[in-house]
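Reproduced below: upload-v7.tsv, with TSV, C-alpha atoms.
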chain	number	residue	atom	x	y	z
X	1	MET	CA	46.42	45.51	62.33
X	2	ALA	CA	42.85	44.68	63.33
X	3	MET	CA	41.79	44.93	59.70
X	4	ILE	CA	44.57	42.55	58.59
X	5	GLU	CA	43.55	40.05	61.27
X	6	LYS	CA	39.98	40.32	60.00
X	7	VAL	CA	41.11	39.44	56.48
X	8	GLU	CA	43.19	36.50	57.66
X	9	LYS	CA	40.39	35.24	59.86
X	10	ALA	CA	37.47	35.67	57.49
X	11	PHE	CA	38.86	35.15	54.04
X	12	VAL	CA	42.26	33.51	53.91
X	13	LEU	CA	43.30	31.28	56.75
X	14	PRO	CA	40.30	29.19	57.86
X	15	PRO	CA	40.73	25.68	56.39
X	16	LYS	CA	37.00	25.44	55.71
X	17	ASP	CA	36.98	28.52	53.47
X	18	VAL	CA	40.16	27.52	51.68
X	19	LEU	CA	38.90	23.98	51.14
X	20	HIS	CA	35.52	25.18	49.85
X	21	LEU	CA	37.09	27.60	47.36
X	22	ASN	CA	39.60	25.00	46.19
X	23	GLN	CA	36.83	22.44	45.68
X	24	LYS	CA	34.85	24.95	43.61
X	25	LEU	CA	37.90	25.81	41.50
X	26	GLN	CA	38.80	22.14	41.05
X	27	LYS	CA	35.28	21.27	39.93
X	28	SER	CA	35.28	24.16	37.46
X	29	SER	CA	38.69	23.04	36.18
X	30	ARG	CA	37.25	19.69	35.15
X	31	TYR	CA	34.58	21.33	33.01
X	32	PHE	CA	37.09	23.58	31.29
X	33	MET	CA	39.43	20.64	30.77
X	34	LEU	CA	36.61	18.74	29.04
X	35	ALA	CA	35.92	21.81	26.88
X	36	GLY	CA	39.60	21.88	25.94
X	37	VAL	CA	39.59	18.22	24.95
X	38	LEU	CA	36.47	18.72	22.81
X	39	GLY	CA	38.17	21.72	21.24
X	40	LEU	CA	41.21	19.61	20.34
X	41	VAL	CA	38.97	17.16	18.46
X	42	LEU	CA	37.34	20.01	16.52
X	43	CYS	CA	40.78	21.52	15.83
X	44	ALA	CA	41.94	18.22	14.34
X	45	VAL	CA	38.91	18.18	12.03
X	46	GLY	CA	39.49	21.80	11.02
X	47	LEU	CA	43.18	21.19	10.38
X	48	LEU	CA	42.42	18.27	8.08
X	49	LYS	CA	39.78	20.24	6.15
X	50	ASN	CA	41.74	23.47	5.65
X	51	PRO	CA	45.22	23.78	7.22
X	52	GLN	CA	45.73	27.45	6.37
X	53	GLY	CA	42.25	28.41	7.57
X	54	PHE	CA	42.83	26.50	10.79
X	55	PHE	CA	46.04	28.38	11.54
X	56	GLY	CA	44.24	31.67	10.89
X	57	SER	CA	41.66	30.70	13.52
X	58	TYR	CA	44.33	29.44	15.91
X	59	LEU	CA	46.38	32.62	15.61
X	60	THR	CA	43.29	34.76	16.23
X	61	VAL	CA	42.38	32.91	19.43
X	62	PHE	CA	46.03	32.83	20.51
X	63	CYS	CA	46.42	36.61	20.15
X	64	PHE	CA	43.14	37.20	21.99
X	65	PHE	CA	44.09	35.15	25.06
X	66	LEU	CA	47.61	36.57	24.98
X	67	SER	CA	46.08	40.06	25.09
X	68	ILE	CA	44.34	39.12	28.37
X	69	THR	CA	47.62	37.74	29.74
X	70	LEU	CA	49.67	40.78	28.74
X	71	GLY	CA	46.94	43.09	30.02
X	72	SER	CA	47.24	41.31	33.37
X	73	LEU	CA	50.99	41.84	33.46
X	74	PHE	CA	50.47	45.52	32.66
X	75	PHE	CA	47.89	45.84	35.44
X	76	VAL	CA	50.20	44.22	38.02
X	77	MET	CA	53.19	46.40	37.15
X	78	LEU	CA	51.05	49.54	37.01
X	79	GLN	CA	49.75	48.93	40.56
X	80	TYR	CA	53.27	48.48	41.92
X	81	LEU	CA	54.59	51.51	40.03
X	82	THR	CA	51.85	53.79	41.33
X	83	ARG	CA	51.97	52.23	44.83
X	84	SER	CA	48.25	51.73	44.53
X	85	ALA	CA	46.31	50.61	47.60
X	86	TRP	CA	42.78	50.28	46.22
X	87	SER	CA	43.69	47.33	43.96
X	88	VAL	CA	45.54	45.09	46.44
X	89	THR	CA	42.74	42.52	46.75
X	90	LEU	CA	42.41	42.32	42.95
X	91	ARG	CA	46.12	41.93	42.30
X	92	ARG	CA	46.51	38.21	43.06
X	93	ILE	CA	43.97	37.38	40.36
X	94	ALA	CA	45.91	39.53	37.88
X	95	GLU	CA	49.26	38.05	39.00
X	96	THR	CA	47.93	34.55	38.40
X	97	LEU	CA	46.51	35.49	35.01
X	98	ALA	CA	49.83	37.05	34.02
X	99	TYR	CA	51.58	33.77	34.87
X	100	ASN	CA	49.50	32.16	32.11
X	101	VAL	CA	52.16	33.53	29.75
X	102	VAL	CA	54.01	30.26	30.48
X	103	PHE	CA	51.09	28.39	28.93
X	104	MET	CA	50.88	30.85	26.03
X	105	ALA	CA	54.57	30.31	25.26
X	106	VAL	CA	53.83	26.62	24.73
X	107	LEU	CA	50.89	27.50	22.46
X	108	ALA	CA	53.20	29.65	20.33
X	109	ILE	CA	55.16	26.57	19.22
X	110	PRO	CA	52.66	25.28	16.59
X	111	VAL	CA	52.73	28.66	14.83
X	112	LEU	CA	56.54	28.72	14.88
X	113	ILE	CA	56.68	25.20	13.42
X	114	CYS	CA	54.13	25.90	10.67
X	115	MET	CA	55.10	29.46	9.74
X	116	HIS	CA	54.78	28.78	6.01
X	117	GLU	CA	51.05	28.22	6.52
X	118	VAL	CA	50.65	31.52	8.35
X	119	TYR	CA	53.13	34.11	7.05
X	120	SER	CA	53.57	34.44	3.29
X	121	TRP	CA	56.90	36.25	3.71
X	122	SER	CA	58.36	33.10	5.30
X	123	ARG	CA	58.09	31.23	1.98
X	124	PRO	CA	61.32	31.50	-0.08
X	125	GLU	CA	59.49	31.73	-3.42
X	126	VAL	CA	57.33	34.64	-2.19
X	127	MET	CA	60.36	36.48	-0.80
X	128	ALA	CA	62.32	35.97	-4.03
X	129	ALA	CA	59.49	37.33	-6.22
X	130	ASP	CA	58.77	40.47	-4.16
X	131	PRO	CA	61.30	43.38	-4.31
X	132	LEU	CA	59.69	45.11	-1.29
X	133	LEU	CA	59.99	41.98	0.86
X	134	GLN	CA	63.62	41.66	-0.12
X	135	LEU	CA	64.23	45.12	1.33
X	136	LYS	CA	62.59	43.92	4.58
X	137	ARG	CA	64.55	40.64	4.66
X	138	PRO	CA	67.05	41.81	7.37
X	139	TYR	CA	64.05	42.02	9.73
X	140	LEU	CA	61.53	39.59	8.21
X	141	ASN	CA	63.44	36.34	8.26
X	142	ILE	CA	62.68	33.17	10.18
X	143	PRO	CA	65.80	32.95	12.44
X	144	PHE	CA	65.42	36.57	13.59
X	145	PHE	CA	61.64	36.05	14.07
X	146	TYR	CA	62.40	33.05	16.32
X	147	LEU	CA	64.98	35.03	18.27
X	148	ARG	CA	62.62	37.96	18.87
X	149	THR	CA	59.85	35.60	19.96
X	150	VAL	CA	62.17	33.94	22.50
X	151	VAL	CA	63.11	37.37	23.87
X	152	TYR	CA	59.45	38.46	24.14
X	153	PHE	CA	58.17	35.36	25.90
X	154	GLY	CA	61.33	34.90	27.94
X	155	GLY	CA	61.04	38.42	29.35
X	156	TRP	CA	57.31	38.10	30.03
X	157	ILE	CA	57.78	34.76	31.78
X	158	VAL	CA	60.57	36.16	33.98
X	159	LEU	CA	58.45	39.17	34.98
X	160	ALA	CA	55.22	37.22	35.58
X	161	SER	CA	57.03	34.52	37.57
X	162	PHE	CA	58.85	37.10	39.68
X	163	PHE	CA	55.70	38.99	40.68
X	164	LEU	CA	53.65	35.90	41.47
X	165	ARG	CA	56.46	34.15	43.36
X	166	THR	CA	57.42	37.25	45.38
X	167	SER	CA	53.80	38.09	46.19
X	168	ARG	CA	53.21	34.55	47.47
X	169	LEU	CA	56.42	34.75	49.49
X	170	GLN	CA	55.09	37.87	51.18
X	171	ASP	CA	52.01	35.86	52.22
X	172	LYS	CA	54.34	33.64	54.24
X	173	THR	CA	56.84	36.15	55.59
X	174	GLY	CA	54.85	39.37	55.83
X	175	ASP	CA	57.98	41.23	54.69
X	176	ALA	CA	56.83	44.71	53.60
X	177	SER	CA	60.12	45.37	51.77
X	178	LEU	CA	59.08	42.85	49.12
X	179	THR	CA	56.37	45.26	47.96
X	180	TYR	CA	58.93	48.00	47.33
X	181	ARG	CA	61.25	45.53	45.64
X	182	MET	CA	58.48	44.57	43.23
X	183	GLY	CA	57.87	48.27	42.56
X	184	ARG	CA	61.51	48.74	41.53
X	185	VAL	CA	61.36	45.74	39.19
X	186	ALA	CA	58.08	47.03	37.72
X	187	ALA	CA	59.82	50.26	36.63
X	188	GLY	CA	62.22	48.46	34.30
X	189	GLY	CA	59.65	45.81	33.49
X	190	MET	CA	57.21	48.39	32.15
X	191	VAL	CA	59.80	49.66	29.66
X	192	PHE	CA	60.45	46.12	28.43
X	193	TYR	CA	56.71	45.46	28.31
X	194	ALA	CA	56.00	48.51	26.14
X	195	LEU	CA	58.70	47.62	23.61
X	196	SER	CA	58.07	43.87	23.55
X	197	GLU	CA	54.29	44.07	23.17
X	198	THR	CA	54.68	46.62	20.37
X	199	PHE	CA	57.15	44.53	18.41
X	200	PHE	CA	55.19	41.34	19.11
X	201	SER	CA	52.14	42.90	17.45
X	202	PHE	CA	54.28	43.95	14.48
X	203	ASP	CA	55.77	40.46	14.12
X	204	TRP	CA	52.83	38.17	14.81
X	205	MET	CA	49.90	40.24	13.53
X	206	MET	CA	50.89	43.12	11.26
X	207	SER	CA	53.36	41.02	9.24
X	208	LEU	CA	50.47	38.84	8.05
X	209	ASP	CA	50.15	41.57	5.42
X	210	SER	CA	53.85	42.29	4.97
X	211	HIS	CA	53.26	45.27	2.65
X	212	TRP	CA	51.10	47.18	5.13
X	213	TYR	CA	52.50	49.11	8.07
X	214	SER	CA	51.26	51.25	10.94
X	215	THR	CA	53.21	52.95	13.71
X	216	LEU	CA	50.05	52.90	15.84
X	217	PHE	CA	49.44	49.16	15.58
X	218	GLY	CA	51.36	48.29	18.77
X	219	VAL	CA	49.43	50.90	20.78
X	220	TYR	CA	46.19	49.58	19.28
X	221	TYR	CA	46.96	46.04	20.50
X	222	PHE	CA	47.97	47.40	23.92
X	223	ALA	CA	44.67	49.30	24.20
X	224	SER	CA	42.77	46.12	23.37
X	225	SER	CA	44.79	44.24	26.02
X	226	ALA	CA	43.95	46.85	28.65
X	227	VAL	CA	40.22	46.74	27.86
X	228	ALA	CA	40.28	42.93	27.94
X	229	ILE	CA	41.93	42.66	31.36
X	230	PHE	CA	39.50	45.06	33.04
X	231	CYS	CA	36.61	43.07	31.56
X	232	VAL	CA	38.12	39.82	32.86
X	233	LEU	CA	38.84	41.17	36.35
X	234	ILE	CA	35.23	42.33	36.65
X	235	LEU	CA	33.89	38.97	35.47
X	236	ILE	CA	36.16	36.87	37.72
X	237	GLY	CA	35.28	39.07	40.68
X	238	ALA	CA	31.59	38.67	39.89
X	239	LEU	CA	31.92	34.87	39.69
X	240	LEU	CA	33.75	34.71	43.03
X	241	HIS	CA	31.13	36.99	44.52
X	242	ALA	CA	28.35	34.70	43.24
X	243	THR	CA	29.96	31.71	44.98
X	244	GLY	CA	30.18	33.66	48.24
X	245	HIS	CA	33.95	34.25	48.19
X	246	LEU	CA	35.87	37.50	48.74
X	247	ARG	CA	32.70	39.55	49.19
X	248	GLY	CA	34.30	41.55	51.99
X	249	CYS	CA	37.59	41.94	50.11
X	250	ILE	CA	36.42	42.99	46.66
X	251	THR	CA	33.67	45.50	47.28
X	252	LYS	CA	31.41	47.84	45.37
X	253	GLU	CA	34.14	50.50	45.64
X	254	HIS	CA	36.63	48.29	43.78
X	255	TYR	CA	34.13	47.43	41.06
X	256	HIS	CA	33.36	51.12	40.66
X	257	ASP	CA	37.04	51.84	39.98
X	258	LEU	CA	37.33	48.88	37.61
X	259	GLY	CA	34.32	50.28	35.75
X	260	LYS	CA	35.96	53.70	35.48
X	261	LEU	CA	39.18	52.17	34.17
X	262	LEU	CA	37.25	50.04	31.68
X	263	PHE	CA	35.39	53.11	30.47
X	264	GLY	CA	38.59	55.15	30.16
X	265	PHE	CA	40.69	52.54	28.36
X	266	ASN	CA	37.83	51.73	25.98
X	267	CYS	CA	37.74	55.41	25.04
X	268	PHE	CA	41.52	55.22	24.55
X	269	TRP	CA	41.06	52.20	22.25
X	270	ALA	CA	38.52	54.16	20.20
X	271	PHE	CA	40.84	57.16	19.98
X	272	ILE	CA	43.73	55.04	18.66
X	273	ALA	CA	41.47	53.21	16.19
X	274	PHE	CA	40.05	56.48	14.85
X	275	ALA	CA	43.46	58.20	14.76
X	276	GLN	CA	44.89	55.37	12.63
X	277	PHE	CA	41.92	55.44	10.26
X	278	LEU	CA	41.92	59.24	9.93
X	279	LEU	CA	45.64	59.41	9.12
X	280	TYR	CA	45.27	56.84	6.34
X	281	TRP	CA	42.06	58.37	5.03
X	282	TYR	CA	43.41	61.86	4.42
X	283	THR	CA	46.82	60.77	3.05
X	284	ASN	CA	45.10	58.23	0.74
X	285	ILE	CA	48.29	56.31	-0.07
X	286	PRO	CA	47.45	52.96	-1.74
X	287	GLU	CA	49.76	50.74	0.36
X	288	GLU	CA	48.24	52.23	3.53
X	289	THR	CA	44.56	52.24	2.57
X	290	LEU	CA	44.73	48.62	1.39
X	291	PHE	CA	44.18	47.47	4.99
X	292	TYR	CA	40.84	49.28	5.26
X	293	HIS	CA	39.77	48.50	1.71
X	294	GLN	CA	40.20	44.80	2.44
X	295	ARG	CA	37.88	45.19	5.44
X	296	ALA	CA	35.23	47.12	3.49
X	297	VAL	CA	34.26	44.32	1.09
X	298	GLY	CA	31.81	41.47	1.52
X	299	SER	CA	30.68	40.69	5.05
X	300	TRP	CA	33.83	42.33	6.45
X	301	LYS	CA	32.09	45.67	5.91
X	302	ALA	CA	29.43	44.72	8.47
X	303	VAL	CA	32.13	43.80	11.01
X	304	SER	CA	33.93	47.11	10.31
X	305	LEU	CA	30.70	49.00	11.05
X	306	LEU	CA	29.93	46.85	14.10
X	307	LEU	CA	33.13	47.82	15.93
X	308	PRO	CA	32.69	51.62	16.27
X	309	TRP	CA	29.07	51.20	17.35
X	310	PHE	CA	29.29	48.29	19.77
X	311	HIS	CA	32.93	48.50	20.86
X	312	PHE	CA	32.70	52.23	21.53
X	313	ALA	CA	29.39	54.10	21.14
X	314	VAL	CA	27.09	51.74	23.06
X	315	PRO	CA	29.63	51.00	25.88
X	316	PHE	CA	30.39	54.74	26.11
X	317	VAL	CA	26.78	55.53	26.93
X	318	TYR	CA	26.27	52.41	29.05
X	319	LEU	CA	29.42	52.64	31.20
X	320	MET	CA	29.13	56.39	31.71
X	321	SER	CA	26.38	55.75	34.25
X	322	TYR	CA	27.41	55.96	37.89
X	323	HIS	CA	24.74	53.41	38.76
X	324	VAL	CA	26.00	50.83	36.25
X	325	LYS	CA	29.53	51.00	37.66
X	326	ARG	CA	28.21	50.37	41.18
X	327	ASN	CA	25.82	47.56	40.22
X	328	LEU	CA	27.80	44.32	39.83
X	329	ALA	CA	25.24	42.59	37.61
X	330	ALA	CA	24.96	45.57	35.23
X	331	LEU	CA	28.74	46.10	35.18
X	332	SER	CA	29.35	42.40	34.50
X	333	LEU	CA	26.94	42.49	31.58
X	334	GLY	CA	28.83	45.43	30.06
X	335	ALA	CA	32.20	43.75	30.71
X	336	PHE	CA	31.06	40.51	29.06
X	337	GLY	CA	29.78	42.36	26.01
X	338	LEU	CA	33.01	44.32	25.65
X	339	LEU	CA	35.12	41.16	26.05
X	340	VAL	CA	33.22	39.59	23.13
X	341	LEU	CA	33.88	42.73	21.10
X	342	CYS	CA	37.59	42.52	21.99
X	343	PHE	CA	37.62	39.07	20.41
X	344	ILE	CA	35.76	40.33	17.33
X	345	ASP	CA	38.30	43.16	17.08
X	346	ILE	CA	41.25	40.72	17.05
X	347	TYR	CA	39.30	38.59	14.56
X	348	TRP	CA	38.86	41.68	12.34
X	349	LEU	CA	42.58	42.40	12.48
X	350	ILE	CA	43.74	38.89	11.54
X	351	GLN	CA	41.10	36.94	9.63
X	352	PRO	CA	40.81	39.07	6.44
X	353	ASN	CA	44.32	37.88	5.60
X	354	PHE	CA	42.98	34.30	5.48
X	355	HIS	CA	39.40	34.95	4.27
X	356	PRO	CA	39.52	38.07	2.06
X	357	ALA	CA	36.11	37.38	0.49
X	358	GLY	CA	34.20	37.75	3.75
X	359	ALA	CA	33.96	36.91	7.44
X	360	THR	CA	33.49	33.25	8.30
X	361	PHE	CA	33.14	31.47	11.62
X	362	GLY	CA	33.47	27.71	11.32
X	363	ILE	CA	34.63	24.56	13.02
X	364	SER	CA	38.25	25.72	13.28
X	365	ASP	CA	37.22	28.91	15.11
X	366	ILE	CA	34.98	27.02	17.54
X	367	GLY	CA	37.64	24.35	18.10
X	368	ALA	CA	40.40	26.88	18.72
X	369	LEU	CA	38.24	28.86	21.15
X	370	LEU	CA	37.29	25.74	23.12
X	371	ALA	CA	40.80	24.25	23.11
X	372	VAL	CA	42.82	27.35	23.93
X	373	GLY	CA	40.15	28.84	26.20
X	374	GLY	CA	39.47	25.58	28.04
X	375	PHE	CA	43.10	24.81	28.83
X	376	TYR	CA	43.88	28.49	29.48
X	377	VAL	CA	41.23	28.70	32.23
X	378	THR	CA	42.27	25.27	33.60
X	379	PHE	CA	45.88	26.47	33.93
X	380	PHE	CA	44.70	29.68	35.62
X	381	LEU	CA	42.44	27.90	38.11
X	382	HIS	CA	45.18	25.40	38.96
X	383	ASN	CA	47.58	28.22	39.85
X	384	LEU	CA	44.93	30.22	41.71
X	385	ARG	CA	44.45	27.23	44.05
X	386	GLN	CA	48.12	27.20	45.02
X	387	ALA	CA	47.91	30.19	47.38
X	388	SER	CA	45.55	32.69	48.96
X	389	PRO	CA	43.30	34.43	46.37
X	390	ILE	CA	44.35	37.79	47.86
X	391	PRO	CA	47.76	39.06	49.07
X	392	ALA	CA	46.71	39.15	52.72
X	393	LYS	CA	50.02	40.45	54.11
X	394	ASP	CA	50.57	43.28	51.67
X	395	PRO	CA	51.35	46.42	53.71
X	396	ARG	CA	48.52	48.30	52.00
X	397	ILE	CA	45.81	45.68	52.61
X	398	GLU	CA	44.18	47.65	55.42
X	399	GLU	CA	43.90	50.76	53.24
X	400	CYS	CA	42.48	48.62	50.43
X	401	LEU	CA	39.76	47.09	52.59
X	402	SER	CA	38.68	50.48	53.94
X	403	TYR	CA	38.85	52.10	50.50
X	404	ASN	CA	35.97	54.37	49.56
X	405	ASN	CA	35.39	56.36	46.38
X	406	GLY	CA	33.70	59.03	48.42
X	407	MET	CA	30.60	58.66	46.27
X	408	PRO	CA	27.07	58.76	47.73
X	409	GLU	CA	24.87	55.69	47.42

Whole structure, structure tokens version:
Amino acid sequence: MAMIEKVEKAFVLPPKDVLHLNQKLQKSSRYFMLAGVLGLVLCAVGLLKNPQGFFGSYLTVFCFFLSITLGSLFFVMLQYLTRSAWSVTLRRIAETLAYNVVFMAVLAIPVLICMHEVYSWSRPEVMAADPLLQLKRPYLNIPFFYLRTVVYFGGWIVLASFFLRTSRLQDKTGDASLTYRMGRVAAGGMVFYALSETFFSFDWMMSLDSHWYSTLFGVYYFASSAVAIFCVLILIGALLHATGHLRGCITKEHYHDLGKLLFGFNCFWAFIAFAQFLLYWYTNIPEETLFYHQRAVGSWKAVSLLLPWFHFAVPFVYLMSYHVKRNLAALSLGAFGLLVLCFIDIYWLIQPNFHPAGATFGISDIGALLAVGGFYVTFFLHNLRQASPIPAKDPRIEECLSYNNGMPE
């Protein structure tokens, strides 16, 4: 109990601390809002110049920020399922990020309205001229695509809203039973999450090339989501630490564990990426190898070679170090680099369908990044200000604050 009182006294309840943090977040929100507005202007220019190219850029950025959001939802449910204590002080950040799925659902609307610009199979003349697409018509048709999208986002919104709302309620009531209730919901939620994220990746990303298929594609997108969220949690924690907030709540021990998880899931991403490539390489079936052939021409070849080296080999050596994982500046540098590579990875998955001749990065890409990223962060910061940045009355908070990896300094 003394530890809980320490948290409430030092980090959550004092009006001065709360006011200072809220002022910092509000000031940051203004900058990101301005970035979003600038991005909208650039998006308008890109849309007028090349509508199809713009939607390729928009979809890329959309899927990248959605991967962070879905990774957050996975992290929250995983902590409740495993009854984890070490991550309690990190969980409110992840819960708030997961709630950004409400914002992402709104951003999905432009793609749904302009599907003919994005998905070739949605055009009647393309469907009519392609015998293979006609066989896939029971699944690849616009009404069913809309229905599946509503189910995906509806389920994610229900789950994210439940966890954030219930966690905030526990801040007020201190009811320990709410933690176990969230654990029970997380069990069913994880099943829905696994299926929905898999089929979302099939629908929104893999169907860009409606002749190509991969049973590993959903797992690949999940692995990228997991890497992205651990990068983001490290970076947000580092920013809060730099402003003097939550230093006693998110400690070197927590960053060490985040570093281990980032290292492990990045290895998992590499394993899935290599497994998919190896299977297609040794079977050498034309409709399967087309995906890799398309990414081995022009400047796409350089991007294809960049990923195994800088998304896996360099981070593998860098993050293996015990000292890096316990040094916040060094760990943040690695997390930032990997987050950039996560974006390049999504770019590599989507953009060759719109720019087969070679990789390009133009005004539409910059505009989409600024617009989606600016408003995404603004929405997150707004929600983070609505309650304590940590779940101070979680029954495992004392264990979290005294957590130690048992590693020597």

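A straight line drawn from CA of Ile250 (chain X) to CA of Val101 (chain X) is 25.0 Å long.
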
Check your understanding: Within 10 Å of region 402-406 of chain X, counting only C-alpha atoms, which residues qualify if same-chain residues fewer than 5 places away don't, as a PyMOL selection string?
Key -> chain X and resi 3+85-87+249+251-254+256-257+397

Check your understanding: With distances taken over only C-alpha atoms, which of X:Phe55, X:Tyr255, X:Phe163, X:Phe200 is nearest to His323 (chain X)?
Key ->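 Residue with the minimum atom-to-atom distance to His323 (chain X): X:Tyr255.
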
Name the residues in contact with Trp204 (chain X) at a cut-off of 12 Å, using all atoms listed in the file, excluding same-chain residues fewer than 6 positions from it; report them as a PDB file with C-alpha atoms, keeping the file's coordinate frame.
ATOM      1  CA  GLY X  56      44.240  31.670  10.890  1.00  0.00           C
ATOM      2  CA  LEU X  59      46.380  32.620  15.610  1.00  0.00           C
ATOM      3  CA  THR X  60      43.290  34.760  16.230  1.00  0.00           C
ATOM      4  CA  PHE X  62      46.030  32.830  20.510  1.00  0.00           C
ATOM      5  CA  CYS X  63      46.420  36.610  20.150  1.00  0.00           C
ATOM      6  CA  LEU X  66      47.610  36.570  24.980  1.00  0.00           C
ATOM      7  CA  ALA X 108      53.200  29.650  20.330  1.00  0.00           C
ATOM      8  CA  VAL X 111      52.730  28.660  14.830  1.00  0.00           C
ATOM      9  CA  LEU X 112      56.540  28.720  14.880  1.00  0.00           C
ATOM     10  CA  MET X 115      55.100  29.460   9.740  1.00  0.00           C
ATOM     11  CA  VAL X 118      50.650  31.520   8.350  1.00  0.00           C
ATOM     12  CA  TYR X 119      53.130  34.110   7.050  1.00  0.00           C
ATOM     13  CA  TRP X 121      56.900  36.250   3.710  1.00  0.00           C
ATOM     14  CA  LEU X 140      61.530  39.590   8.210  1.00  0.00           C
ATOM     15  CA  ILE X 142      62.680  33.170  10.180  1.00  0.00           C
ATOM     16  CA  PHE X 145      61.640  36.050  14.070  1.00  0.00           C
ATOM     17  CA  TYR X 146      62.400  33.050  16.320  1.00  0.00           C
ATOM     18  CA  ARG X 148      62.620  37.960  18.870  1.00  0.00           C
ATOM     19  CA  THR X 149      59.850  35.600  19.960  1.00  0.00           C
ATOM     20  CA  TYR X 152      59.450  38.460  24.140  1.00  0.00           C
ATOM     21  CA  SER X 196      58.070  43.870  23.550  1.00  0.00           C
ATOM     22  CA  GLU X 197      54.290  44.070  23.170  1.00  0.00           C
ATOM     23  CA  THR X 198      54.680  46.620  20.370  1.00  0.00           C
ATOM     24  CA  SER X 210      53.850  42.290   4.970  1.00  0.00           C
ATOM     25  CA  PHE X 217      49.440  49.160  15.580  1.00  0.00           C
ATOM     26  CA  GLY X 218      51.360  48.290  18.770  1.00  0.00           C
ATOM     27  CA  TYR X 221      46.960  46.040  20.500  1.00  0.00           C
ATOM     28  CA  LEU X 349      42.580  42.400  12.480  1.00  0.00           C
ATOM     29  CA  ILE X 350      43.740  38.890  11.540  1.00  0.00           C
TER      30      ILE X 350
END

**Study point:** Residues near Phe263 (chain X), cut-off 8 Å, all atoms listed in the file, skip fewer than 2 positions along chain, as a ChimeraX atom specification
**Key:** /X:259-261,265-267,315-316,319-320

Work out where the centre of an axis-aligned box around every listed atom of region 353-367 of chain X lies and how long its edges are once 3 Å is added on each side; give both in Å to one decimal as JSON.
{"center_x": 38.7, "center_y": 31.2, "center_z": 9.3, "size_x": 17.2, "size_y": 19.7, "size_z": 23.6}

Review point. Quick one, how far is CA of Leu369 (chain X) from CA of Leu338 (chain X)?
Key: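 Spanning CA of Leu369 (chain X) to CA of Leu338 (chain X) is a straight-line distance of 16.9 Å.
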
Point to revise | Interatomic distance (Å, one decimal) between CA of Leu81 (chain X) and CA of Gly188 (chain X) | key: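 Pair CA of Leu81 (chain X) / CA of Gly188 (chain X) returns 10.0 Å.
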